[in-house]
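Below: the structure, in structure tokens.
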Amino acid sequence: MPDLKALTALLEQTLSDGRLTSDEKRALADALARAPWRPDQLSALRNQAFELLRARVDAGALPLLSWLEGVARVLDQARPAPTAPAEVFFSPGPDCKAAIVKLVAGARTSLDVCVFTISDDDITRALLAAHQRRVAVRLISDNDKRNDAGSDVDHLARQGVPVRIDRTEAHMHHKFAIADGTTLLNGSFNWTRSATKVNEENVMVTVDPAAVRAFKAEFDRLWVAFG
């Protein structure tokens with residue numbers, strides 16, 4: 001959680017000699033990177049910086065400082081809201097499965113998959129190919145679906161893919177995957193042939209950092225819980 005008090009203290013420290021050194025810039029950037037800041041919180045911190053400076057300047061400079069503060073606010077208001085690119089796909093039809101295969105095929109370092117079941121051979125082949133090119137693949141799935149006819153979960157485990165299974169009476173019903181810690185695929189789409197052919201399903205792919213962090217935390221929690 002952002003700590004406005006700590007950042008204000010850091011600003012006061014950097015202002016002590018009237019200049020912002022390269023080391024101080026890095027320290028400020030590192031402190032800001034430790035937690036996600038909302039635009040309003042950053043604006044409050046910016047306003048605090050102006051207040052710190054206002055206390056340091058003489059009366060003759062105050063109108064100039066007020067001018068600079070006003071310009072900064074206008075520029076902030078004109079800044080477009082950040083957007084996170086996202087793609088959305090629907091089935092029946094090939095689009096959802098194609099999005100999954102594309103994500104898996106594009107993974108370079110890691111691939112965390114948390115799905116109710118896997119029985120589509122095209123997706124299974126893509127997962128095995130990722131594992132064989134030394135992408136760190138991990139799979140979480142549901143115990144009840146593991147033994148269904150056509151399930152590929154045990155096959156993936158036998159090929160060396162790390163697999164953990166929900167062993168509770170409830171279902172592990174998630175259907176999401178995270179590639180390289182930066183790209184999230186999520187939706188109702190089951191990784192099965194019927195989902196492609198006849199079901200009304202959906203998949204969304206996004207690089208939104210907040211969404212990726214939240215799903216990564218959920219995957220890690222389940223990985224430990226089912227260990």
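Please note that chains go A, B, ... in the order of the structure tokens, that every chain numbers its residues from 1, and that ligands are numbered from 1 in the order shown.
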Residues of segment 98-154 of chain A that approach segment 179-185 of chain A to 7 Å or less, counting only C-alpha atoms: could you list each one with the shortest pair of atoms and its distance in Å to one decimal, rows by chain and increasing residue number, as JSON lines?
```
{"residue": "A:Leu103", "atom": "CA", "partner": "A:Ala179", "partner_atom": "CA", "distance": 6.8}
{"residue": "A:Ala107", "atom": "CA", "partner": "A:Ala179", "partner_atom": "CA", "distance": 5.4}
{"residue": "A:Arg108", "atom": "CA", "partner": "A:Asp180", "partner_atom": "CA", "distance": 6.5}
{"residue": "A:Thr109", "atom": "CA", "partner": "A:Asp180", "partner_atom": "CA", "distance": 5.4}
{"residue": "A:Ser110", "atom": "CA", "partner": "A:Asp180", "partner_atom": "CA", "distance": 4.7}
{"residue": "A:Leu111", "atom": "CA", "partner": "A:Ala179", "partner_atom": "CA", "distance": 4.6}
{"residue": "A:Asp112", "atom": "CA", "partner": "A:Ala179", "partner_atom": "CA", "distance": 6.6}
```
Nearby residues (only C-alpha atoms) at most 10 Å from Met172 of chain A, same-chain spacing under 3 positions excluded, as a PyMOL selection string: chain A and resi 114-117+140-145+165-169+175+222
Who sits within 9 Å of segment 9-23 of chain A, only C-alpha atoms, same chain under 6 positions skipped, as a list in words: Ala31, Gln48, Ala49, Leu52 and Leu53 of chain A
What are the nearest atom pairs, with distances in Å to one decimal, for all residues of segment 53-143 of chain A that come at most 9 Å from segment 38-47 of chain A, using only C-alpha atoms, set out by chain and rising residue number as CSV?
```
residue,atom,partner,partner_atom,distance
A:Glu69,CA,A:Asn47,CA,8.1
A:Arg73,CA,A:Ser43,CA,8.5
A:Asp76,CA,A:Ser43,CA,8.3
```
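Listed by chain and then by rising number, the residues of segment 23-96 of chain A that DSSP assigns to strand (DSSP E) from the backbone are Ala86, Glu87, Val88, Phe89, Phe90 and Ser91 of chain A.
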- prompt: Hey, what's within 8 Å of Asp152 of chain A if we count only C-alpha atoms and toss same-chain stuff fewer than 5 positions away? As a PyMOL selection string, please?
  reply: chain A and resi 118-121+124+146
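For the residues A:Arg34, A:Arg193, A:Arg164, A:His155, ranking by smallest atom-to-atom distance to Asp122 of chain A using only C-alpha atoms places A:Arg193 first.
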